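K.L.:
Dumping the structure here so I can ask a few things about it.
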Amino acid sequence: MTQKQKRQTVETDVLIIGGGVTGAGIMRDLAFRGLQTLLIDRKDLCAGASGGNHGLLHSGSRYISSDLHSAIECREESTILKHVASQCIEETGGLFVAVEGDDPGFAENFAALCQPAGIACNPISIDDAKKLEPLLSDKLFKAYKVPDATVDPFRLALLNVAHARMINSSSFRPHTELLHFTLKDGKIESATCRDNQTNSILTIYANQYVNACGAWAMNIAQLAGCKDVNLLYSKGTLLVSHDRLTTHVVNRLRPPGDGDILVPGGTVSVLGTTSIRVDDLITVKPTVAEIDINVREGTAMIPALAKARYIRAFSGVRPLLQSAGGSDDREATRGFALLDHSTQNLSNFCTITGGKLTTYRLMAEKTSDLVAGRLNNSEPCQTHVTPLPDEESCKWTEPGASPKYWYKANDPEDMILCECEMVPQSAIDEIVKDAPGAEKEMTLKAIALRSRAGKGPCQGSFCGIRIASYLYDQGHYHDKTGLIHMRDFFNERFKGTRTVTWGLQAAQMELAEALHCGLLGLDNLENN
Amino acid sequence: MSEEDRHFSAELAVIGTGLAGFAASIFALKRNIKTAQVGNTGAVAYTTGYLDLLGSLAPDYLASIEDPWQGIEQLRDSHPRHPLCRIPKDDIFTAFEQFTSFLGKCGIAYTPPGEFNVSGLTPAGTLKPTLCVPATMQVGSAAFSQKEPCVIIDFKGLKGFSSRQVVANLKDRWPKLSSKRVEFPDMVSGEIYPEVMARSLEVPATREKLAKILASAAGDVKVIGLPAILGMHAPDLVREELEQLTGLQIFEIPTMPPSVPGIRLREMFEQLFPQKGVTLIPQQKVDRLVFIENGAQLSLNDSFGPISIHAKSVILATGRFLSGGLKAGVDGVSEPLLKLPVTQPDSRREWYREKYTDRRGHAVNSAGIEVDSSFRPLDNHGRPYSKNLFAAGVILAHQDWIRGRCGAGVAIATAYKAVEEVEKLLK
Ligand SMILES: Cc1cc2nc3c(=O)[nH]c(=O)nc-3n(C[C@H](O)[C@H](O)[C@H](O)COP(=O)(O)OP(=O)(O)OC[C@H]3O[C@@H](n4cnc5c(N)ncnc54)[C@H](O)[C@@H]3O)c2cc1C
Ligand SMILES: Cc1cc2nc3c(=O)[nH]c(=O)nc-3n(C[C@H](O)[C@H](O)[C@H](O)COP(=O)(O)OP(=O)(O)OC[C@H]3O[C@@H](n4cnc5c(N)ncnc54)[C@H](O)[C@@H]3O)c2cc1C
């Protein structure tokens, strides 16, 4: 790597900082309105909460007791998304179940609470509930059916970015971190960023600047001198089981607490979450204690969770708007905040934070209304009516889809590189060539984010090696940096596996370490 | 199917068919101890064929070490309880000598143990310090140290082995290294597998076809490296014949598992032990092990029904999590067969460090069972579980064979020691 820092300048109508679903949604919304944008993320798409959440497309019922406004927003937005982004959504339906020990009063009243929000919530018999979900506890005493669904945030973000790129060549730059703003005459004049892969510096000139940094939004606002974004952080931890345990989303029928939602996702289930106040955003990772709490609590609804095989755990941070106050972080508003910073004497900067995956589209719409208005653009929003088109290079994140494409193509030369999830060479080719954020020397981490590679029971320990050797083979990697990408990928996957390694996963881990460290020496690259 | 009850008796029962278990049977043969061995498929099928003694040193596992014998001296100071520190160096040397010469006599030649480690090549193009290498791989280590012009060859359809990768990572230290891709004879389309390639090279006609392909791929270069596919039962013969046909020097590089050199060892043992008088019951797990007056009773079941073995002594060589010798549960690590106490971190929180590739290794990997100076496992009171029970291999506590690059070393050395103690007991 060269020490010399190359300086580079880029111009765009709108700079969007933060490549979560919100930033990606804004990018597409503005593209429809004819505005050219540049989206940047310090890491990659969905590196924040958008890649660390439960994937539940809320019907709204979850918030019915704490936040009616959010409940209604969820009901409306989930209905829209089922129409315009159906390829990212599985309409699983949801159940709310109360088990012995839960408050019978709350349980009885639930349907009545949902009614004013317009959420279709229907009581069903215990027998029927158990027919729908045989693994439910024998201690069930009340059950309702609601229109919950699940959503793949990776595909959603990728497709939003891909569509914006198609509409007006708006672009996305991964590993580009905002370092500081240059202010002049009540405006941001430019944003200085660092390319975290090459360490080169990039200056971006835009007419409007959007801070869509989720939990990091306060840091970014402060860089522009704004003191009106006050966030607290609540960390949530979830764990992924090897098998899909239910067909529906299963929620515990009680005010939100630990380990009370089980969300299916393709071939797995995701159990969560915990909620712990954290002071910073640096050390966000699952702990053994959080895992044990989730499993213990989840077991009350689904006893099989006690003996299930878990393959991964992960954490995300919810930004809590401080004005919401309250003692329980889960009761804080799940609404979003859009700040135009006019009180901070800036006329071309805004911040969008909070909210939910379920409401990302609405958050993007409101933000785009503000930004377009400031640029005297009066094109209306289209994202609530125009379906999100599919894109070849974005299809690989869908669980169970790779085998389908692969069998269909029936090309014996197209070898499977990830055997757990059946990801073939052609998927890697397509991603490296075309996926949003694709580049010449793509890291294994970046490829994994755009596919199912590494998501199965072996958690990438085999396919990481195979994909790396394929990339060497194709000339994408040509020196030791390829090994470093491999090592970094395994280190990244380990963050997810280290707290859930017991039973069969301990055997898997031993094999992985024997290969990666014992044989290939990835723990000792510096000395090799 | 008949439900006949099969019963065997032996002086020694070896539980486990990993390197430690096989080594134990070899050493027992050498001492004329009547042996029965039972074991499920384990890590042997994954192993590269390299026999490591000690390649890296605790506590920080910094640079690879060149002199493993001196490394053991250092280990004695830093990790006196490491199994390798509890066995005289001369015995470790003899153990490696006996083990490798036995393999050689059975048709898989190995380099004998030397004073220094050699550099084993890996499919990633990294180097692995190891003590003894199969003869099929020896030329590679030598060619590397001489920096001879060399072509690494890979095969269309064989995934996970890219000669371009090997070259990309070795080029700075081996400038005259280049890569080439060829098609394997009669397997020109679709995916191909190392095991299938190896078995097809047992056929002379395939060797002749491959020789032509290799000769033309080598061009002017005289040394070529291939993934480890040179035959299953007589790799040395396959290699020799290819060398004769091509006029080249040829060597193998291990592949990702399932690994042909590991399968070679397993199949060789399975074929030869019965001929040499070892009662080998492969692919089976011992369900129950009880100690009785002057010996032990092992029970297992195969598809024909129950089998029982009475033995005067037992060596437990059941490995770790991968092989089932240890079990990792939510509440801790246990030893499933005898419920032996396992030395381990206080809680699951301490099992793993934050970083996977941390050179200091993970605490759970040094968990294991305790033994006395005769390698008898200890019970909850710190006393030998039974005077007739011994243990060997990576089930033992206080070693991290992965970070220490000492898998075969721990297995072979402790098996040697355990068999020596068995002999004392039987006398
Ligand atoms: C544990 C948990 C579970 C959840 N479950 C659900 C659920 O089931 N359903 C639901 O609807 N919602 C759920 N949510 C909420 C949902 O995940 C978030 O609301 C949503 O993902 C927020 O998206 P975002 O784009 O606003 O922020 P993020 O996804 O956090 O994106 C912010 C981005 O900014 C980037 N960034 C930060 N600093 C910089 C910088 N200096 N320069 C450049 N980029 C920077 C980060 O890398 C990050 O990618 C959950 C949240 C958590 C934490
Ligand atoms: C991917 C990989 C690569 C490796 N590469 C190398 C290398 O390059 N160099 C090197 O020196 N070492 C290497 N090793 C290590 C080596 O193969 C052995 O794992 C190590 O030497 C330990 O041997 P062991 O016999 O103690 O245990 P294992 O090899 O684990 O064997 C344990 C045996 O016990 C059996 N068993 C368990 N429970 C029972 C029961 N109840 N009844 C009957 N049998 C039972 C298992 O089936 C297995 O056969 C590698 C290992 C792996 C996994």
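Each chain of the structure tokens is named A, B, ... in the order shown, its residues numbered from 1; ligands are numbered from 1 in display order.
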For A:Ala49, list every protein, DNA or RNA residue within 8 Å, evaluated using only C-alpha atoms, and leave out those in the same chain fewer than 5 positions away; present the list as a tab-separated table (two decimals) with C-alpha atoms, in the first residue's frame.
P.N.:
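Generated file (selection_26.tsv):
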```
chain	number	residue	atom	x	y	z
A	20	GLY	CA	-28.48	1.33	5.92
A	214	GLY	CA	-28.88	5.63	12.49
A	215	ALA	CA	-27.21	5.19	15.87
A	316	GLY	CA	-27.42	-4.23	16.69
A	317	VAL	CA	-27.90	-0.85	18.30
A	318	ARG	CA	-31.16	1.04	18.47
```
K.L.:
So that I can see what lies close to stretch 179-191 of chain B, please list as an NGL selection string the residues with an atom at most 7 Å from it, counting only C-alpha atoms and leaving out residues fewer than 6 positions away in the same chain.
P.N.:
(:A and (412-413 or 415)) or (:B and (151-158 or 163-164 or 167 or 206 or 209-210 or 217))
K.L.:
Store the residues picked out above, limited to N, CA and C atoms, as a CSV table (one decimal), in the first residue's frame.
P.N.:
```csv
chain,number,residue,atom,x,y,z
A,412,PRO,N,-22.8,-28.0,-15.4
A,412,PRO,CA,-21.9,-28.7,-14.6
A,412,PRO,C,-20.6,-28.0,-14.3
A,413,GLU,N,-20.3,-27.1,-15.2
A,413,GLU,CA,-19.0,-26.3,-15.0
A,413,GLU,C,-19.1,-25.3,-13.9
A,415,MET,N,-19.4,-24.6,-10.6
A,415,MET,CA,-19.3,-25.3,-9.4
A,415,MET,C,-19.8,-24.6,-8.1
B,151,VAL,N,6.8,-25.7,-11.5
B,151,VAL,CA,5.4,-25.4,-11.9
B,151,VAL,C,4.5,-26.0,-11.0
B,152,ILE,N,3.5,-25.3,-10.4
B,152,ILE,CA,2.4,-25.9,-9.6
B,152,ILE,C,1.3,-26.1,-10.6
B,153,ILE,N,0.8,-27.3,-10.6
B,153,ILE,CA,-0.3,-27.6,-11.6
B,153,ILE,C,-1.6,-27.9,-10.8
B,154,ASP,N,-2.7,-27.3,-11.3
B,154,ASP,CA,-4.0,-27.7,-10.8
B,154,ASP,C,-4.9,-28.2,-11.9
B,155,PHE,N,-6.1,-28.6,-11.5
B,155,PHE,CA,-6.9,-29.3,-12.4
B,155,PHE,C,-8.2,-28.6,-12.6
B,156,LYS,N,-8.7,-28.5,-13.8
B,156,LYS,CA,-10.0,-27.9,-14.1
B,156,LYS,C,-11.0,-28.8,-13.4
B,157,GLY,N,-11.9,-28.1,-12.6
B,157,GLY,CA,-13.0,-28.9,-11.9
B,157,GLY,C,-12.6,-29.2,-10.5
B,158,LEU,N,-11.4,-29.1,-10.1
B,158,LEU,CA,-11.0,-29.4,-8.7
B,158,LEU,C,-11.1,-28.1,-7.9
B,163,SER,N,-3.6,-23.2,-8.3
B,163,SER,CA,-2.1,-23.1,-8.4
B,163,SER,C,-1.8,-21.6,-8.5
B,164,ARG,N,-2.7,-20.8,-9.0
B,164,ARG,CA,-2.4,-19.4,-9.1
B,164,ARG,C,-2.3,-18.8,-7.6
B,167,VAL,N,1.1,-19.9,-6.1
B,167,VAL,CA,2.1,-19.1,-6.7
B,167,VAL,C,2.1,-17.6,-6.2
B,206,THR,N,-4.4,-44.6,-16.7
B,206,THR,CA,-4.7,-43.2,-16.3
B,206,THR,C,-3.3,-42.5,-16.0
B,209,LYS,N,-1.7,-41.5,-19.3
B,209,LYS,CA,-2.4,-40.3,-19.9
B,209,LYS,C,-2.0,-39.1,-19.1
B,210,LEU,N,-2.0,-39.2,-17.8
B,210,LEU,CA,-1.6,-38.0,-17.0
B,210,LEU,C,-0.2,-37.6,-17.2
B,217,ALA,N,2.8,-29.8,-19.8
B,217,ALA,CA,2.6,-28.7,-18.9
B,217,ALA,C,3.9,-28.1,-18.3
```
K.L.:
Counting only C-alpha atoms, a student should be able to say which residues of chain B come within 8 Å of chain A; what is the right answer, written as a ChimeraX atom specification?
P.N.:
/B:48,62-64,122-124,126-128,157,159-165,168-169,189-191,256,321-323,327-330,348-349,352,354-359,402-403,405
K.L.:
Measuring atom to atom with only C-alpha atoms and all ligand atoms, identify which of B:Ile33, B:Val260, B:Val139, B:Leu378 is nearest to ligand 2.
P.N.:
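Smallest separation from ligand 2 among the options: B:Val260.
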K.L.:
So which residues touch stretch 307-312 of chain B within 12 Å, counting only C-alpha atoms, skipping near sequence neighbours fewer than 2 positions away, as a PyMOL selection string?
P.N.:
chain B and resi 3-15+33-38+279-281+284-305+314-315+386-390+422-423+425-427
K.L.:
Mind checking DSSP for stretch 298-495 of chain A and telling me the strand (DSSP E) residues as a list in words?
P.N.:
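Here is the list: Tyr310, Ile311, Arg312, Ala313, Phe314, Ser315, Gly316, Val317, Arg318, Pro319, Leu320, Leu321, Phe336, Ala337, Leu338, Leu339, Phe349, Cys350, Thr351, Ile352, Thr353, Gly354, Ile416, Leu417, Cys418, Val423 and Pro424 of chain A.
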K.L.:
Could you give me, as a list in words, the residues within 9 Å of B:Glu350, counting only C-alpha atoms and dropping anything in the same chain fewer than 5 positions from it?
P.N.:
Pro345, His362, Ala363 and Val364 of chain B
K.L.:
Could you please take those selected residues and save N, CA and C atoms as a short mmCIF file (atom, residue, chain, number, x, y, z; two decimals), in the first residue's frame?
P.N.:
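File produced: part-v2.cif:
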```
data_model
loop_
_atom_site.label_atom_id
_atom_site.label_comp_id
_atom_site.auth_asym_id
_atom_site.auth_seq_id
_atom_site.Cartn_x
_atom_site.Cartn_y
_atom_site.Cartn_z
N PRO B 345 -11.96 -23.85 31.54
CA PRO B 345 -12.21 -22.51 32.07
C PRO B 345 -13.44 -22.51 32.99
N HIS B 362 -7.38 -20.09 22.14
CA HIS B 362 -8.58 -19.98 22.96
C HIS B 362 -8.51 -20.96 24.14
N ALA B 363 -8.98 -20.47 25.29
CA ALA B 363 -8.83 -21.25 26.52
C ALA B 363 -9.47 -22.63 26.41
N VAL B 364 -10.59 -22.72 25.71
CA VAL B 364 -11.30 -24.01 25.67
C VAL B 364 -10.46 -25.07 24.95
#
```
K.L.:
For ligand 2, list the contacting residues at 7 Å or closer, counting only C-alpha atoms and all ligand atoms, as number ranges by chain.
P.N.:
A: 511, 514-515, 518-519; B: 15-21, 38-44, 46-53, 257, 284-287, 317-320, 322-325, 337, 392-395, 405-411
K.L.:
Restricting the calculation to only C-alpha atoms and all ligand atoms: of A:Pro389, A:Gly355, A:Pro403, A:Pro303, which residue gets closest to ligand 1?
P.N.:
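Among the listed residues, A:Gly355 lies closest to ligand 1.
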K.L.:
Can you list, as a PyMOL selection string, every protein, DNA or RNA residue that comes within 9 Å of A:Pro174 when you count only C-alpha atoms, leaving out same-chain residues fewer than 3 positions away?
P.N.:
chain A and resi 19+39-45+177+195-196+437-438
K.L.:
For the selection just defined, write its residues with C-alpha atoms to a file, as a short mmCIF file (atom, residue, chain, number, x, y, z; two decimals), in the first residue's frame.
P.N.:
```
data_model
loop_
_atom_site.label_atom_id
_atom_site.label_comp_id
_atom_site.auth_asym_id
_atom_site.auth_seq_id
_atom_site.Cartn_x
_atom_site.Cartn_y
_atom_site.Cartn_z
CA GLY A 19 -25.76 2.92 3.82
CA LEU A 39 -24.43 7.24 -0.95
CA ILE A 40 -21.46 6.47 1.27
CA ASP A 41 -20.92 4.10 4.15
CA ARG A 42 -17.84 3.77 6.33
CA LYS A 43 -18.10 0.01 5.98
CA ASP A 44 -20.66 -1.37 3.60
CA LEU A 45 -24.39 -1.62 3.00
CA GLU A 177 -16.08 7.28 6.06
CA ASP A 195 -11.47 5.49 1.82
CA ASN A 196 -10.91 2.95 4.57
CA GLY A 437 -20.63 -1.57 -4.32
CA ALA A 438 -18.79 -4.11 -6.49
#
```
K.L.:
Within stretch 123-348 of chain B, find each residue whose DSSP state, derived from the backbone, is alpha helix (DSSP H), and express the selection as a ChimeraX atom specification.
P.N.:
/B:135-146,163-170,194-200,204-218,235-246,260-276
K.L.:
For atom CA of A:Met363 and atom CA of A:Lys82, quote the distance in Å rounded to one decimal.
P.N.:
16.8 Å
